[in-house]
Amino acid sequence: MKSDVIVVSANEDKISDALTLAEKVAAYKELSPKSALHLRLLTEEVMSMVHAITGDVEGDFWIEDEGNVFKLHLQVRTNIDEEQREQLLSASKSGKNEATKGIMGKIRAFFEPLDGLPVFYGEDMGMLADAVWSMRAYQEQVRKYIEEKRDGADEAWDELEKSVIFHIADDVKVSIYGRDVELTIIKEMA
């Protein structure tokens, strides 16, 4: 089942609409109180990221389920081109996206606002036609870096441990398809 697709932004009314949508889905699917709470908490996390991710740009939000697996989607259409990306990077002393530390920084890197337009790039990737980032793959990468005693690995793990999404969601994926950037939070409900 796919819920209604609603337009979200950092506007308080739009955030409230998303929470209402999550409550309607939970009631319609007759989720247990714990699962309904998890769906609401994940929706709150998505909405808390909306302003940081999209700035003043609006995005589409919806919830899908297949059996007991629920997917919360936030999709934004970008208008950035390679020249704008290069201008932004040249403004940075290092020439890299400095905001990509930790899990939330990695997610935000795909949606980084520039004059209200999301930019999709990371510190070690250029403009991409299609790409997918996964929280679980990132978790495994950080574990490997801890074993290798790399600088910053412990800090990255601490930040993961503090994340509500890390503890509730089964996975988080950020996908780029051309100019469409989509955040998907996946949770299997009991």
# chains A, B, ... in the order shown; residues from 1 in each chain; ligands from 1
call {"tool": "residues_around", "arguments": {"residues": "Lys24 of chain A", "least_positions_apart": "4", "cutoff": "12 Å", "atoms": "only C-alpha atoms", "output": "JSON, numbers by chain"}}
result
{"A": [3, 4, 17, 18, 19, 20, 28, 29, 30, 31, 36, 39, 40, 62, 63]}
call {"tool": "closest_residue", "arguments": {"among": "A:Lys2, A:Ser134, A:Lys14, A:Asn68", "to": "Val174 of chain A", "atoms": "only C-alpha atoms"}}
result
A:Ser134
call {"tool": "closest_residue", "arguments": {"among": "A:Glu148, A:Glu155, A:Glu23, A:Glu188", "to": "Asp65 of chain A", "atoms": "only C-alpha atoms"}}
result
A:Glu188
call {"tool": "residues_around", "arguments": {"residues": "Glu182 of chain A", "least_positions_apart": "6", "cutoff": "6 Å", "atoms": "only C-alpha atoms", "output": "PDB file with N, CA and C atoms, in the first residue's frame"}}
result
ATOM      1  N   LEU A  74      11.098  10.636   1.413  1.00  0.00           N
ATOM      2  CA  LEU A  74      11.175  12.081   1.211  1.00  0.00           C
ATOM      3  C   LEU A  74      11.904  12.274  -0.107  1.00  0.00           C
ATOM      4  N   GLN A  75      11.242  12.927  -1.068  1.00  0.00           N
ATOM      5  CA  GLN A  75      11.839  13.113  -2.390  1.00  0.00           C
ATOM      6  C   GLN A  75      11.878  14.599  -2.739  1.00  0.00           C
ATOM      7  N   VAL A 174      19.724   6.771   0.718  1.00  0.00           N
ATOM      8  CA  VAL A 174      19.598   8.017  -0.025  1.00  0.00           C
ATOM      9  C   VAL A 174      19.947   7.662  -1.463  1.00  0.00           C
ATOM     10  N   SER A 175      19.035   7.939  -2.373  1.00  0.00           N
ATOM     11  CA  SER A 175      19.205   7.576  -3.770  1.00  0.00           C
ATOM     12  C   SER A 175      19.123   8.806  -4.652  1.00  0.00           C
TER      13      SER A 175
END
call {"tool": "closest_residue", "arguments": {"among": "A:Ala27, A:Val181, A:Met49, A:Met1", "to": "Lys71 of chain A", "atoms": "only C-alpha atoms"}}
result
A:Met1
call {"tool": "atom_distance", "arguments": {"atom1": "atom CA of Asp180 of chain A", "atom2": "atom CA of Ala156 of chain A"}}
result
27.5 Å
call {"tool": "closest_residue", "arguments": {"among": "A:Val142, A:Val46, A:Ala10, A:Ile165", "to": "Leu72 of chain A", "atoms": "only C-alpha atoms"}}
result
A:Val46
